[in-house]
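Enquirer: This is run_8.cif, which holds mmCIF, C-alpha atoms (C1' of nucleotides):
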```cif
data_target
loop_
_atom_site.group_PDB
_atom_site.id
_atom_site.type_symbol
_atom_site.label_atom_id
_atom_site.label_comp_id
_atom_site.auth_asym_id
_atom_site.auth_seq_id
_atom_site.Cartn_x
_atom_site.Cartn_y
_atom_site.Cartn_z
ATOM 1 C CA MET A 1 -5.527 -15.075 11.488
ATOM 2 C CA ASP A 2 -7.288 -13.130 8.752
ATOM 3 C CA ILE A 3 -4.630 -12.738 6.102
ATOM 4 C CA ASP A 4 -6.563 -9.986 4.370
ATOM 5 C CA LYS A 5 -6.791 -7.889 7.500
ATOM 6 C CA ALA A 6 -3.137 -8.465 8.230
ATOM 7 C CA ILE A 7 -1.958 -7.443 4.786
ATOM 8 C CA SER A 8 -4.162 -4.361 4.899
ATOM 9 C CA ALA A 9 -2.739 -3.440 8.278
ATOM 10 C CA LEU A 10 0.770 -3.844 6.895
ATOM 11 C CA ASN A 11 -0.043 -1.915 3.733
ATOM 12 C CA ASN A 12 1.202 1.307 5.282
ATOM 13 C CA PRO A 13 4.827 2.183 5.974
ATOM 14 C CA VAL A 14 4.195 3.840 9.333
ATOM 15 C CA ARG A 15 2.256 0.891 10.647
ATOM 16 C CA ARG A 16 5.086 -1.407 9.599
ATOM 17 C CA GLN A 17 7.546 0.966 11.243
ATOM 18 C CA ILE A 18 5.574 0.821 14.475
ATOM 19 C CA LEU A 19 5.851 -2.966 14.443
ATOM 20 C CA ILE A 20 9.604 -2.582 13.964
ATOM 21 C CA TRP A 21 9.943 -0.043 16.770
ATOM 22 C CA LEU A 22 8.029 -2.336 19.088
ATOM 23 C CA LYS A 23 10.751 -4.963 18.720
ATOM 24 C CA ASP A 24 12.895 -2.946 21.106
ATOM 25 C CA ARG A 25 11.461 -1.108 24.098
ATOM 26 C CA SER A 26 14.466 1.213 24.079
ATOM 27 C CA ASN A 27 13.112 2.867 20.929
ATOM 28 C CA PHE A 28 10.748 4.673 23.297
ATOM 29 C CA PRO A 29 11.144 6.785 26.432
ATOM 30 C CA PRO A 30 11.560 4.774 29.629
ATOM 31 C CA ALA A 31 8.419 3.478 31.253
ATOM 32 C CA LEU A 32 7.102 5.213 34.362
ATOM 33 C CA PRO A 33 8.211 3.404 37.528
ATOM 34 C CA GLU A 34 4.674 2.178 38.194
ATOM 35 C CA HIS A 35 4.651 0.585 34.735
ATOM 36 C CA SER A 36 8.057 -1.003 34.899
ATOM 37 C CA GLU A 37 6.611 -4.501 35.063
ATOM 38 C CA VAL A 38 4.154 -3.994 32.184
ATOM 39 C CA SER A 39 5.292 -5.106 28.746
ATOM 40 C CA GLY A 40 4.337 -2.916 25.841
ATOM 41 C CA VAL A 41 4.352 0.744 24.982
ATOM 42 C CA CYS A 42 1.649 3.323 25.555
ATOM 43 C CA VAL A 43 -0.040 5.136 22.682
ATOM 44 C CA ALA A 44 1.452 8.515 23.548
ATOM 45 C CA TYR A 45 5.010 7.205 23.136
ATOM 46 C CA ILE A 46 4.173 5.599 19.816
ATOM 47 C CA GLN A 47 2.497 8.797 18.705
ATOM 48 C CA GLU A 48 5.591 10.804 19.544
ATOM 49 C CA LYS A 49 7.769 8.574 17.339
ATOM 50 C CA ALA A 50 5.261 8.390 14.506
ATOM 51 C CA GLU A 51 4.660 12.139 14.455
ATOM 52 C CA LEU A 52 1.008 11.708 13.633
ATOM 53 C CA SER A 53 -2.078 12.798 15.511
ATOM 54 C CA GLN A 54 -3.277 10.920 18.564
ATOM 55 C CA SER A 55 -6.433 9.802 16.803
ATOM 56 C CA THR A 56 -4.536 8.479 13.803
ATOM 57 C CA VAL A 57 -2.153 6.486 15.960
ATOM 58 C CA SER A 58 -4.980 5.104 18.048
ATOM 59 C CA THR A 59 -6.691 3.987 14.860
ATOM 60 C CA TYR A 60 -3.458 2.456 13.563
ATOM 61 C CA MET A 61 -3.034 0.448 16.748
ATOM 62 C CA LYS A 62 -6.601 -0.779 16.502
ATOM 63 C CA LEU A 63 -5.968 -1.941 12.947
ATOM 64 C CA LEU A 64 -2.835 -3.793 14.011
ATOM 65 C CA LYS A 65 -4.664 -5.275 16.986
ATOM 66 C CA ASP A 66 -7.693 -6.359 14.932
ATOM 67 C CA ALA A 67 -5.265 -8.025 12.535
ATOM 68 C CA GLY A 68 -3.790 -9.859 15.521
ATOM 69 C CA LEU A 69 -0.308 -8.492 14.959
ATOM 70 C CA VAL A 70 -0.191 -6.701 18.305
ATOM 71 C CA GLU A 71 -1.790 -7.242 21.690
ATOM 72 C CA ALA A 72 -3.215 -4.549 23.920
ATOM 73 C CA GLU A 73 -3.267 -4.442 27.684
ATOM 74 C CA ARG A 74 -5.061 -1.744 29.580
ATOM 75 C CA HIS A 75 -3.571 -0.498 32.850
ATOM 76 C CA GLY A 76 -5.518 2.376 34.312
ATOM 77 C CA GLN A 77 -5.673 5.166 31.776
ATOM 78 C CA TRP A 78 -2.978 3.636 29.630
ATOM 79 C CA THR A 79 -3.177 1.064 26.918
ATOM 80 C CA PHE A 80 0.073 -0.781 26.339
ATOM 81 C CA TYR A 81 0.661 -2.336 22.962
ATOM 82 C CA ARG A 82 3.160 -5.067 22.261
ATOM 83 C CA ARG A 83 3.955 -7.288 19.323
ATOM 84 C CA ASN A 84 2.216 -10.640 19.070
ATOM 85 C CA GLU A 85 5.241 -12.601 17.951
ATOM 86 C CA LYS A 86 3.348 -15.825 17.357
ATOM 87 C CA ALA A 87 0.784 -14.118 15.171
ATOM 88 C CA ILE A 88 3.503 -12.322 13.234
ATOM 89 C CA GLN A 89 5.251 -15.620 12.563
ATOM 90 C CA GLN A 90 1.978 -17.250 11.676
ATOM 91 C CA PHE A 91 1.256 -14.479 9.230
ATOM 92 C CA LEU A 92 4.639 -14.820 7.550
ATOM 93 C CA ASN A 93 4.196 -18.579 7.340
ATOM 94 C CA LEU A 94 0.747 -18.229 5.847
ATOM 95 C CA VAL A 95 1.793 -15.692 3.244
ATOM 96 C CA GLY A 96 4.800 -17.828 2.413
ATOM 97 C CA GLN A 97 2.660 -20.947 2.006
ATOM 98 C CA GLU A 98 0.183 -19.033 -0.068
ATOM 99 C CA ILE A 99 2.429 -17.334 -2.564
ATOM 100 C CA SER A 100 5.698 -19.324 -2.526
ATOM 101 C CA MET B 1 12.223 -4.598 -4.939
ATOM 102 C CA ASP B 2 9.847 -1.928 -3.698
ATOM 103 C CA ILE B 3 8.238 -3.494 -0.673
ATOM 104 C CA ASP B 4 5.469 -0.940 -0.647
ATOM 105 C CA LYS B 5 4.463 -1.674 -4.212
ATOM 106 C CA ALA B 6 4.630 -5.399 -3.562
ATOM 107 C CA ILE B 7 2.441 -5.267 -0.480
ATOM 108 C CA SER B 8 -0.053 -3.069 -2.309
ATOM 109 C CA ALA B 9 -0.141 -5.506 -5.193
ATOM 110 C CA LEU B 10 -0.771 -8.357 -2.757
ATOM 111 C CA ASN B 11 -3.406 -6.401 -0.856
ATOM 112 C CA ASN B 12 -6.156 -7.925 -2.941
ATOM 113 C CA PRO B 13 -7.363 -11.522 -2.746
ATOM 114 C CA VAL B 14 -7.819 -11.961 -6.496
ATOM 115 C CA ARG B 15 -4.308 -10.741 -7.258
ATOM 116 C CA ARG B 16 -2.954 -13.188 -4.700
ATOM 117 C CA GLN B 17 -5.094 -15.901 -6.226
ATOM 118 C CA ILE B 18 -3.660 -15.156 -9.658
ATOM 119 C CA LEU B 19 -0.155 -15.624 -8.261
ATOM 120 C CA ILE B 20 -1.286 -18.959 -6.834
ATOM 121 C CA TRP B 21 -2.881 -20.078 -10.089
ATOM 122 C CA LEU B 22 0.278 -19.200 -11.957
ATOM 123 C CA LYS B 23 2.187 -21.792 -9.933
ATOM 124 C CA ASP B 24 0.637 -24.464 -12.059
ATOM 125 C CA ARG B 25 0.062 -24.046 -15.777
ATOM 126 C CA SER B 26 -2.631 -26.721 -15.654
ATOM 127 C CA ASN B 27 -4.903 -24.301 -13.826
ATOM 128 C CA PHE B 28 -5.507 -22.789 -17.254
ATOM 129 C CA PRO B 29 -6.609 -24.091 -20.641
ATOM 130 C CA PRO B 30 -3.821 -25.686 -22.673
ATOM 131 C CA ALA B 31 -1.593 -23.368 -24.629
ATOM 132 C CA LEU B 32 -2.035 -23.111 -28.352
ATOM 133 C CA PRO B 33 0.412 -25.326 -30.206
ATOM 134 C CA GLU B 34 2.375 -22.319 -31.466
ATOM 135 C CA HIS B 35 2.821 -21.196 -27.844
ATOM 136 C CA SER B 36 3.782 -24.535 -26.417
ATOM 137 C CA GLU B 37 7.345 -23.428 -25.821
ATOM 138 C CA VAL B 38 6.435 -20.111 -24.182
ATOM 139 C CA SER B 39 6.237 -20.054 -20.394
ATOM 140 C CA GLY B 40 3.463 -18.035 -18.862
ATOM 141 C CA VAL B 41 -0.237 -17.542 -19.334
ATOM 142 C CA CYS B 42 -2.039 -15.042 -21.530
ATOM 143 C CA VAL B 43 -4.327 -12.383 -20.098
ATOM 144 C CA ALA B 44 -7.477 -13.879 -21.563
ATOM 145 C CA TYR B 45 -6.981 -17.144 -19.689
ATOM 146 C CA ILE B 46 -6.324 -15.336 -16.443
ATOM 147 C CA GLN B 47 -9.388 -13.207 -17.028
ATOM 148 C CA GLU B 48 -11.523 -16.258 -17.540
ATOM 149 C CA LYS B 49 -10.456 -17.690 -14.172
ATOM 150 C CA ALA B 50 -10.726 -14.395 -12.337
ATOM 151 C CA GLU B 51 -14.162 -13.580 -13.725
ATOM 152 C CA LEU B 52 -13.406 -9.891 -13.947
ATOM 153 C CA SER B 53 -13.351 -7.570 -16.916
ATOM 154 C CA GLN B 54 -10.475 -7.624 -19.371
ATOM 155 C CA SER B 55 -9.397 -4.134 -18.378
ATOM 156 C CA THR B 56 -9.382 -4.969 -14.689
ATOM 157 C CA VAL B 57 -7.270 -8.052 -15.208
ATOM 158 C CA SER B 58 -4.867 -6.190 -17.454
ATOM 159 C CA THR B 59 -4.495 -3.553 -14.732
ATOM 160 C CA TYR B 60 -3.971 -6.267 -12.111
ATOM 161 C CA MET B 61 -1.207 -7.841 -14.146
ATOM 162 C CA LYS B 62 0.459 -4.490 -14.581
ATOM 163 C CA LEU B 63 0.396 -3.944 -10.824
ATOM 164 C CA LEU B 64 1.921 -7.358 -10.215
ATOM 165 C CA LYS B 65 4.508 -6.739 -12.907
ATOM 166 C CA ASP B 66 5.425 -3.265 -11.619
ATOM 167 C CA ALA B 67 5.866 -4.824 -8.188
ATOM 168 C CA GLY B 68 8.233 -7.331 -9.783
ATOM 169 C CA LEU B 69 6.199 -10.326 -8.690
ATOM 170 C CA VAL B 70 5.515 -11.464 -12.254
ATOM 171 C CA GLU B 71 7.308 -11.129 -15.551
ATOM 172 C CA ALA B 72 5.691 -10.402 -18.897
ATOM 173 C CA GLU B 73 6.717 -11.618 -22.286
ATOM 174 C CA ARG B 74 5.061 -10.443 -25.441
ATOM 175 C CA HIS B 75 4.646 -12.889 -28.300
ATOM 176 C CA GLY B 76 2.703 -11.457 -31.174
ATOM 177 C CA GLN B 77 -0.649 -10.276 -29.934
ATOM 178 C CA TRP B 78 -0.311 -12.114 -26.681
ATOM 179 C CA THR B 79 1.320 -11.134 -23.447
ATOM 180 C CA PHE B 80 2.326 -14.087 -21.324
ATOM 181 C CA TYR B 81 2.678 -13.584 -17.625
ATOM 182 C CA ARG B 82 4.600 -15.862 -15.329
ATOM 183 C CA ARG B 83 5.677 -15.744 -11.705
ATOM 184 C CA ASN B 84 9.030 -14.216 -10.876
ATOM 185 C CA GLU B 85 10.052 -16.788 -8.302
ATOM 186 C CA LYS B 86 13.208 -14.996 -7.257
ATOM 187 C CA ALA B 87 11.396 -11.748 -6.660
ATOM 188 C CA ILE B 88 8.671 -13.527 -4.712
ATOM 189 C CA GLN B 89 11.263 -15.134 -2.472
ATOM 190 C CA GLN B 90 13.086 -11.856 -2.119
ATOM 191 C CA PHE B 91 9.854 -10.191 -1.102
ATOM 192 C CA LEU B 92 9.110 -12.810 1.529
ATOM 193 C CA ASN B 93 12.646 -12.532 2.872
ATOM 194 C CA LEU B 94 12.452 -8.763 3.036
ATOM 195 C CA VAL B 95 9.109 -8.719 4.812
ATOM 196 C CA GLY B 96 10.351 -11.372 7.184
ATOM 197 C CA GLN B 97 13.483 -9.399 7.960
ATOM 198 C CA GLU B 98 11.482 -6.258 8.403
ATOM 199 C CA ILE B 99 8.754 -7.411 10.734
ATOM 200 C CA SER B 100 10.090 -10.602 12.367
ATOM 201 C "C1'" DA C 1 -6.363 -1.836 -46.882
ATOM 202 C "C1'" DC C 2 -9.563 -4.012 -43.835
ATOM 203 C "C1'" DA C 3 -11.600 -6.998 -40.368
ATOM 204 C "C1'" DT C 4 -10.443 -9.534 -36.374
ATOM 205 C "C1'" DT C 5 -8.132 -10.582 -32.145
ATOM 206 C "C1'" DA C 6 -5.406 -9.621 -27.831
ATOM 207 C "C1'" DT C 7 -3.959 -6.399 -24.763
ATOM 208 C "C1'" DA C 8 -3.320 -1.756 -22.824
ATOM 209 C "C1'" DT C 9 -4.916 2.574 -21.582
ATOM 210 C "C1'" DC C 10 -8.379 6.183 -20.722
ATOM 211 C "C1'" DG C 11 -12.205 8.352 -18.344
ATOM 212 C "C1'" DA C 12 -15.793 7.917 -15.196
ATOM 213 C "C1'" DT C 13 -17.969 6.641 -10.957
ATOM 214 C "C1'" DA C 14 -18.086 4.145 -6.628
ATOM 215 C "C1'" DT C 15 -15.812 2.625 -2.713
ATOM 216 C "C1'" DT C 16 -12.155 2.627 0.554
ATOM 217 C "C1'" DT C 17 -8.493 4.577 3.056
ATOM 218 C "C1'" DC C 18 -6.021 8.523 5.137
ATOM 219 C "C1'" DG C 19 -5.418 11.751 8.590
ATOM 220 C "C1'" DC C 20 -7.242 15.321 11.048
ATOM 221 C "C1'" DG C 21 -9.869 17.927 14.798
ATOM 222 C "C1'" DA C 22 -13.610 17.467 17.822
ATOM 223 C "C1'" DT C 23 -15.793 14.860 21.031
ATOM 224 C "C1'" DA C 24 -16.742 10.843 23.980
ATOM 225 C "C1'" DT C 25 -15.177 7.586 27.381
ATOM 226 C "C1'" DA C 26 -12.679 6.152 31.212
ATOM 227 C "C1'" DG C 27 -9.419 6.489 34.913
ATOM 228 C "C1'" DT C 28 -6.930 9.541 38.488
ATOM 229 C "C1'" DG C 29 -6.620 12.516 42.098
ATOM 230 C "C1'" DA C 30 -7.789 16.892 44.668
ATOM 231 C "C1'" DT D 1 -17.948 16.755 42.207
ATOM 232 C "C1'" DC D 2 -14.509 18.801 39.276
ATOM 233 C "C1'" DA D 3 -10.360 19.217 36.671
ATOM 234 C "C1'" DC D 4 -7.008 16.614 34.292
ATOM 235 C "C1'" DT D 5 -4.926 12.883 31.591
ATOM 236 C "C1'" DA D 6 -4.904 8.936 28.239
ATOM 237 C "C1'" DT D 7 -7.171 6.692 24.810
ATOM 238 C "C1'" DA D 8 -11.023 5.679 21.662
ATOM 239 C "C1'" DT D 9 -14.411 6.948 18.473
ATOM 240 C "C1'" DC D 10 -16.937 10.060 15.325
ATOM 241 C "C1'" DG D 11 -17.489 12.899 11.293
ATOM 242 C "C1'" DC D 12 -15.375 15.140 7.789
ATOM 243 C "C1'" DG D 13 -12.879 16.312 3.318
ATOM 244 C "C1'" DA D 14 -9.072 14.683 0.616
ATOM 245 C "C1'" DA D 15 -6.640 11.220 -1.621
ATOM 246 C "C1'" DA D 16 -6.139 6.657 -3.305
ATOM 247 C "C1'" DT D 17 -7.991 2.399 -5.154
ATOM 248 C "C1'" DA D 18 -11.415 -0.551 -7.574
ATOM 249 C "C1'" DT D 19 -13.811 -1.742 -11.525
ATOM 250 C "C1'" DC D 20 -16.030 -0.919 -15.493
ATOM 251 C "C1'" DG D 21 -17.054 0.223 -20.570
ATOM 252 C "C1'" DA D 22 -15.128 2.553 -24.302
ATOM 253 C "C1'" DT D 23 -11.342 3.332 -26.972
ATOM 254 C "C1'" DA D 24 -6.499 2.995 -28.495
ATOM 255 C "C1'" DT D 25 -2.722 0.170 -29.933
ATOM 256 C "C1'" DA D 26 -0.659 -3.538 -32.048
ATOM 257 C "C1'" DA D 27 -0.380 -7.906 -34.385
ATOM 258 C "C1'" DT D 28 -2.558 -11.311 -37.613
ATOM 259 C "C1'" DG D 29 -4.694 -12.966 -41.652
ATOM 260 C "C1'" DT D 30 -7.519 -12.121 -45.943
#
```
For this file, write the structure as C-alpha cells.
Expert:
Amino acid sequence: MDIDKAISALNNPVRRQILIWLKDRSNFPPALPEHSEVSGVCVAYIQEKAELSQSTVSTYMKLLKDAGLVEAERHGQWTFYRRNEKAIQQFLNLVGQEIS
Amino acid sequence: MDIDKAISALNNPVRRQILIWLKDRSNFPPALPEHSEVSGVCVAYIQEKAELSQSTVSTYMKLLKDAGLVEAERHGQWTFYRRNEKAIQQFLNLVGQEIS
DNA sequence: ACATTATATCGATATTTCGCGATATAGTGA
DNA sequence: TCACTATATCGCGAAATATCGATATAATGT
C-alpha cells in the first residue's frame, strides 16, 4: 500500500464518488445476463454516472487500481472494477496511524 | 471541515510529516523561555526540520491551517502552529464514513 | 527613527494534474 | 477478413500546484 498513491487517487471528488458508488451495485444499470456472476462494474456504466469522457474514466480507474483501492477483472471485452475493501481499510488504518 | 481542502493539504509527504512532528514538541528545539507557556511551534523551527525555504513552509502551514488541521497563534513576531486534534479526528471519521 | 527578526505574501518558473479527442488494442461475431 | 464494441493509451492545451527568491508586513529593541 503506497499511501502517497492512494491519497493522490483520492484527491479528486469524482474518484471518491466512484468508490462510493461501487459500494452498491444497484447504483448502476443491471448487469447483462452473461455477467450476472461477475462482481464489479464495467467502465461504461461508471462513465455514464460520472458524466466524463471514456478516456478520463478509464484513466481514473487505472489510478484507483494502481493505488490498490479497486481491483479489475477482465471478462472478454469488459473490464469489471470493484472495491478492494481490505486495501481501503488498510489505507484508512495507515492514515489514521500516521496522522492521529 | 472541507474534506477536499484537507485531502489536498495531506497530499504531500512533507506536510504530513509536519503534522507528525507536531505530535511531539521535543521534535523541535526547546522553546525560548518567554514562550514556555505557549503551545505550538514557530515557523522557523518547522522550516529547519523540513529543509525547505521559509516561504514554502509558511505556505504549507497556511494550507494546513486553511484545511483546519492545525491552529495558529500569533505571539509577537512569532506564529505558533499546533495540531488541531479534534479536526484531525473529524477528518479521519469523515473520510472513513465516506469511503468505508 | 532605524536596524533586526519572524512571518506572510508576491511574482516567476517548473512540474504535475486534468480532461479531452484521437488512436491503438483486444475481443466478438458475421 | 471485416465491422463493431469495450477499454486502454497517447498527445495535447489548460489549469492547478510546487517551490523559490524577493519583497512586504509587523513586532522588537536601540
Enquirer: When the PyMOL selection byres ((chain A) within 10 of (chain D)) is applied to the structure above, which residues does it catch, written out as a count of residues only?
Expert: 13
Enquirer: Chain B superposed on chain A over all ordered C-alpha pairs, least squares: can you write that as a compact mmCIF listing (two decimals) with C-alpha atoms, in the frame of the given file?
Expert:
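The new file selection.txt reads:
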```txt
# COMPACT_ATOMS: atom_id res chain seq x y z
CA MET B 1 -5.55 -15.08 11.48
CA ASP B 2 -7.28 -13.12 8.75
CA ILE B 3 -4.63 -12.73 6.10
CA ASP B 4 -6.56 -9.99 4.38
CA LYS B 5 -6.78 -7.88 7.50
CA ALA B 6 -3.11 -8.47 8.24
CA ILE B 7 -1.94 -7.45 4.79
CA SER B 8 -4.14 -4.36 4.92
CA ALA B 9 -2.71 -3.44 8.30
CA LEU B 10 0.81 -3.84 6.91
CA ASN B 11 -0.01 -1.90 3.75
CA ASN B 12 1.24 1.30 5.30
CA PRO B 13 4.88 2.16 5.99
CA VAL B 14 4.23 3.84 9.34
CA ARG B 15 2.27 0.87 10.66
CA ARG B 16 5.12 -1.41 9.62
CA GLN B 17 7.56 0.96 11.26
CA ILE B 18 5.58 0.82 14.50
CA LEU B 19 5.86 -2.97 14.47
CA ILE B 20 9.61 -2.59 13.99
CA TRP B 21 9.94 -0.05 16.79
CA LEU B 22 8.03 -2.33 19.11
CA LYS B 23 10.75 -4.96 18.76
CA ASP B 24 12.88 -2.94 21.10
CA ARG B 25 11.46 -1.11 24.10
CA SER B 26 14.45 1.22 24.09
CA ASN B 27 13.11 2.87 20.95
CA PHE B 28 10.76 4.69 23.31
CA PRO B 29 11.14 6.80 26.44
CA PRO B 30 11.56 4.78 29.63
CA ALA B 31 8.42 3.48 31.25
CA LEU B 32 7.13 5.17 34.35
CA PRO B 33 8.24 3.38 37.49
CA GLU B 34 4.71 2.13 38.18
CA HIS B 35 4.68 0.55 34.71
CA SER B 36 8.08 -1.03 34.86
CA GLU B 37 6.63 -4.51 35.02
CA VAL B 38 4.16 -4.02 32.16
CA SER B 39 5.29 -5.12 28.71
CA GLY B 40 4.32 -2.91 25.82
CA VAL B 41 4.33 0.75 24.96
CA CYS B 42 1.62 3.33 25.53
CA VAL B 43 -0.06 5.15 22.66
CA ALA B 44 1.42 8.51 23.52
CA TYR B 45 4.97 7.22 23.11
CA ILE B 46 4.15 5.61 19.80
CA GLN B 47 2.48 8.81 18.68
CA GLU B 48 5.55 10.81 19.53
CA LYS B 49 7.73 8.59 17.34
CA ALA B 50 5.24 8.41 14.50
CA GLU B 51 4.63 12.15 14.43
CA LEU B 52 0.97 11.73 13.60
CA SER B 53 -2.11 12.82 15.47
CA GLN B 54 -3.28 10.95 18.54
CA SER B 55 -6.44 9.80 16.79
CA THR B 56 -4.54 8.49 13.79
CA VAL B 57 -2.16 6.50 15.94
CA SER B 58 -4.99 5.11 18.03
CA THR B 59 -6.70 3.99 14.82
CA TYR B 60 -3.45 2.46 13.57
CA MET B 61 -3.05 0.46 16.75
CA LYS B 62 -6.60 -0.76 16.49
CA LEU B 63 -5.97 -1.95 12.94
CA LEU B 64 -2.83 -3.78 14.02
CA LYS B 65 -4.66 -5.26 16.99
CA ASP B 66 -7.68 -6.36 14.93
CA ALA B 67 -5.26 -8.03 12.54
CA GLY B 68 -3.78 -9.85 15.52
CA LEU B 69 -0.30 -8.49 14.96
CA VAL B 70 -0.20 -6.70 18.32
CA GLU B 71 -1.81 -7.25 21.68
CA ALA B 72 -3.23 -4.55 23.92
CA GLU B 73 -3.28 -4.44 27.67
CA ARG B 74 -5.06 -1.75 29.58
CA HIS B 75 -3.56 -0.53 32.83
CA GLY B 76 -5.45 2.35 34.32
CA GLN B 77 -5.63 5.15 31.81
CA TRP B 78 -2.97 3.62 29.64
CA THR B 79 -3.19 1.05 26.91
CA PHE B 80 0.06 -0.78 26.33
CA TYR B 81 0.64 -2.34 22.97
CA ARG B 82 3.16 -5.05 22.28
CA ARG B 83 3.96 -7.29 19.33
CA ASN B 84 2.22 -10.63 19.08
CA GLU B 85 5.24 -12.61 17.97
CA LYS B 86 3.35 -15.82 17.38
CA ALA B 87 0.78 -14.14 15.20
CA ILE B 88 3.49 -12.34 13.25
CA GLN B 89 5.25 -15.63 12.58
CA GLN B 90 1.97 -17.27 11.70
CA PHE B 91 1.26 -14.48 9.25
CA LEU B 92 4.63 -14.83 7.58
CA ASN B 93 4.19 -18.59 7.35
CA LEU B 94 0.73 -18.24 5.86
CA VAL B 95 1.79 -15.70 3.26
CA GLY B 96 4.79 -17.83 2.42
CA GLN B 97 2.65 -20.92 2.00
CA GLU B 98 0.17 -19.01 -0.07
CA ILE B 99 2.41 -17.30 -2.57
CA SER B 100 5.67 -19.30 -2.54
```
Enquirer: Around all the atoms of segment 52-66 of chain B listed in the file, with 6 Å of room on each side, what axis-aligned box do you get, giving centre and edge lengths in Å to one decimal, as lines of an AutoDock Vina configuration file?
Expert:
```
center_x = -4.0
center_y = -6.6
center_z = -14.8
size_x = 30.8
size_y = 18.6
size_z = 21.2
```
Enquirer: Give me the residues of chain B that have any atom at most 9 Å from an atom of chain A; for each, the nearest atom pair and the distance in Å, rounded to one decimal. Use all atoms listed in the file, sort by chain and number, and format it as JSON lines.
Expert:
```
{"residue": "B:Asp4", "atom": "CA", "partner": "A:Asn11", "partner_atom": "CA", "distance": 7.1}
{"residue": "B:Ile7", "atom": "CA", "partner": "A:Asn11", "partner_atom": "CA", "distance": 5.9}
{"residue": "B:Ser8", "atom": "CA", "partner": "A:Asn11", "partner_atom": "CA", "distance": 6.2}
{"residue": "B:Leu10", "atom": "CA", "partner": "A:Ile7", "partner_atom": "CA", "distance": 7.7}
{"residue": "B:Asn11", "atom": "CA", "partner": "A:Ile7", "partner_atom": "CA", "distance": 5.9}
{"residue": "B:Asn12", "atom": "CA", "partner": "A:Asp4", "partner_atom": "CA", "distance": 7.6}
{"residue": "B:Pro13", "atom": "CA", "partner": "A:Asp4", "partner_atom": "CA", "distance": 7.3}
{"residue": "B:Arg16", "atom": "CA", "partner": "A:Ile99", "partner_atom": "CA", "distance": 7.1}
{"residue": "B:Gln17", "atom": "CA", "partner": "A:Ile99", "partner_atom": "CA", "distance": 8.5}
{"residue": "B:Leu19", "atom": "CA", "partner": "A:Ile99", "partner_atom": "CA", "distance": 6.5}
{"residue": "B:Ile20", "atom": "CA", "partner": "A:Ile99", "partner_atom": "CA", "distance": 5.9}
{"residue": "B:Lys23", "atom": "CA", "partner": "A:Ser100", "partner_atom": "CA", "distance": 8.6}
{"residue": "B:Glu85", "atom": "CA", "partner": "A:Ser100", "partner_atom": "CA", "distance": 7.7}
{"residue": "B:Ile88", "atom": "CA", "partner": "A:Ser100", "partner_atom": "CA", "distance": 6.9}
{"residue": "B:Gln89", "atom": "CA", "partner": "A:Ser100", "partner_atom": "CA", "distance": 7.0}
{"residue": "B:Leu92", "atom": "CA", "partner": "A:Gly96", "partner_atom": "CA", "distance": 6.7}
{"residue": "B:Val95", "atom": "CA", "partner": "A:Leu92", "partner_atom": "CA", "distance": 8.0}
{"residue": "B:Gly96", "atom": "CA", "partner": "A:Leu92", "partner_atom": "CA", "distance": 6.7}
{"residue": "B:Glu98", "atom": "CA", "partner": "A:Ile20", "partner_atom": "CA", "distance": 6.9}
{"residue": "B:Ile99", "atom": "CA", "partner": "A:Ile20", "partner_atom": "CA", "distance": 5.9}
{"residue": "B:Ser100", "atom": "CA", "partner": "A:Ile88", "partner_atom": "CA", "distance": 6.9}
```
Enquirer: For those residues, write C-alpha atoms to a file as a short mmCIF file (atom, residue, chain, number, x, y, z; two decimals), in the frame of the given file.
Expert:
```
data_model
loop_
_atom_site.label_atom_id
_atom_site.label_comp_id
_atom_site.auth_asym_id
_atom_site.auth_seq_id
_atom_site.Cartn_x
_atom_site.Cartn_y
_atom_site.Cartn_z
CA ASP B 4 5.47 -0.94 -0.65
CA ILE B 7 2.44 -5.27 -0.48
CA SER B 8 -0.05 -3.07 -2.31
CA LEU B 10 -0.77 -8.36 -2.76
CA ASN B 11 -3.41 -6.40 -0.86
CA ASN B 12 -6.16 -7.92 -2.94
CA PRO B 13 -7.36 -11.52 -2.75
CA ARG B 16 -2.95 -13.19 -4.70
CA GLN B 17 -5.09 -15.90 -6.23
CA LEU B 19 -0.16 -15.62 -8.26
CA ILE B 20 -1.29 -18.96 -6.83
CA LYS B 23 2.19 -21.79 -9.93
CA GLU B 85 10.05 -16.79 -8.30
CA ILE B 88 8.67 -13.53 -4.71
CA GLN B 89 11.26 -15.13 -2.47
CA LEU B 92 9.11 -12.81 1.53
CA VAL B 95 9.11 -8.72 4.81
CA GLY B 96 10.35 -11.37 7.18
CA GLU B 98 11.48 -6.26 8.40
CA ILE B 99 8.75 -7.41 10.73
CA SER B 100 10.09 -10.60 12.37
#
```
Enquirer: Which residue gives the smallest distance to chain B among C:DC18, C:DA3, C:DA30, C:DC10, with only C-alpha atoms (C1' of nucleotides) counted?
Expert: C:DC10
Enquirer: Kindly indicate which residue among B:Val14, B:Val38, B:Leu64, B:Val57 lies nearest to chain C, using all atoms listed in the file for the distances.
Expert: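 Answer, going by the shortest atom-to-atom distance: B:Val57.
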Enquirer: Compute the set of chain C residues within 8 Å of chain A, using only C-alpha atoms (C1' of nucleotides), and express it as a list of chain:residue names.
Expert: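 Result: C:DG19, C:DC20, C:DA26, C:DG27.
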Enquirer: Between atom CA of Gly40 of chain B and atom CA of Glu73 of chain B, what distance in Å does the model show, to one decimal?
Expert: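 Going from atom CA of Gly40 of chain B over to atom CA of Glu73 of chain B, I get 8.0 Å.
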Enquirer: Using all atoms listed in the file, can you tell me which of B:Leu69, B:Arg25, B:Asp2, B:Phe80 comes closest to DA6 of chain C?
Expert: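 Smallest distance to DA6 of chain C is found for B:Phe80.
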Enquirer: Tell me, in Å to one decimal, how far atom CA of Ser39 of chain B is from atom CA of Gly68 of chain B.
Expert: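 Calculated distance between atom CA of Ser39 of chain B and atom CA of Gly68 of chain B is 16.7 Å.
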Enquirer: Provide the atom CA of Asp66 of chain A to atom C1' of DG21 of chain C distance in Å, to one decimal place.
Expert: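 Taking atom CA of Asp66 of chain A as the start and atom C1' of DG21 of chain C as the end point, the length is 24.4 Å.
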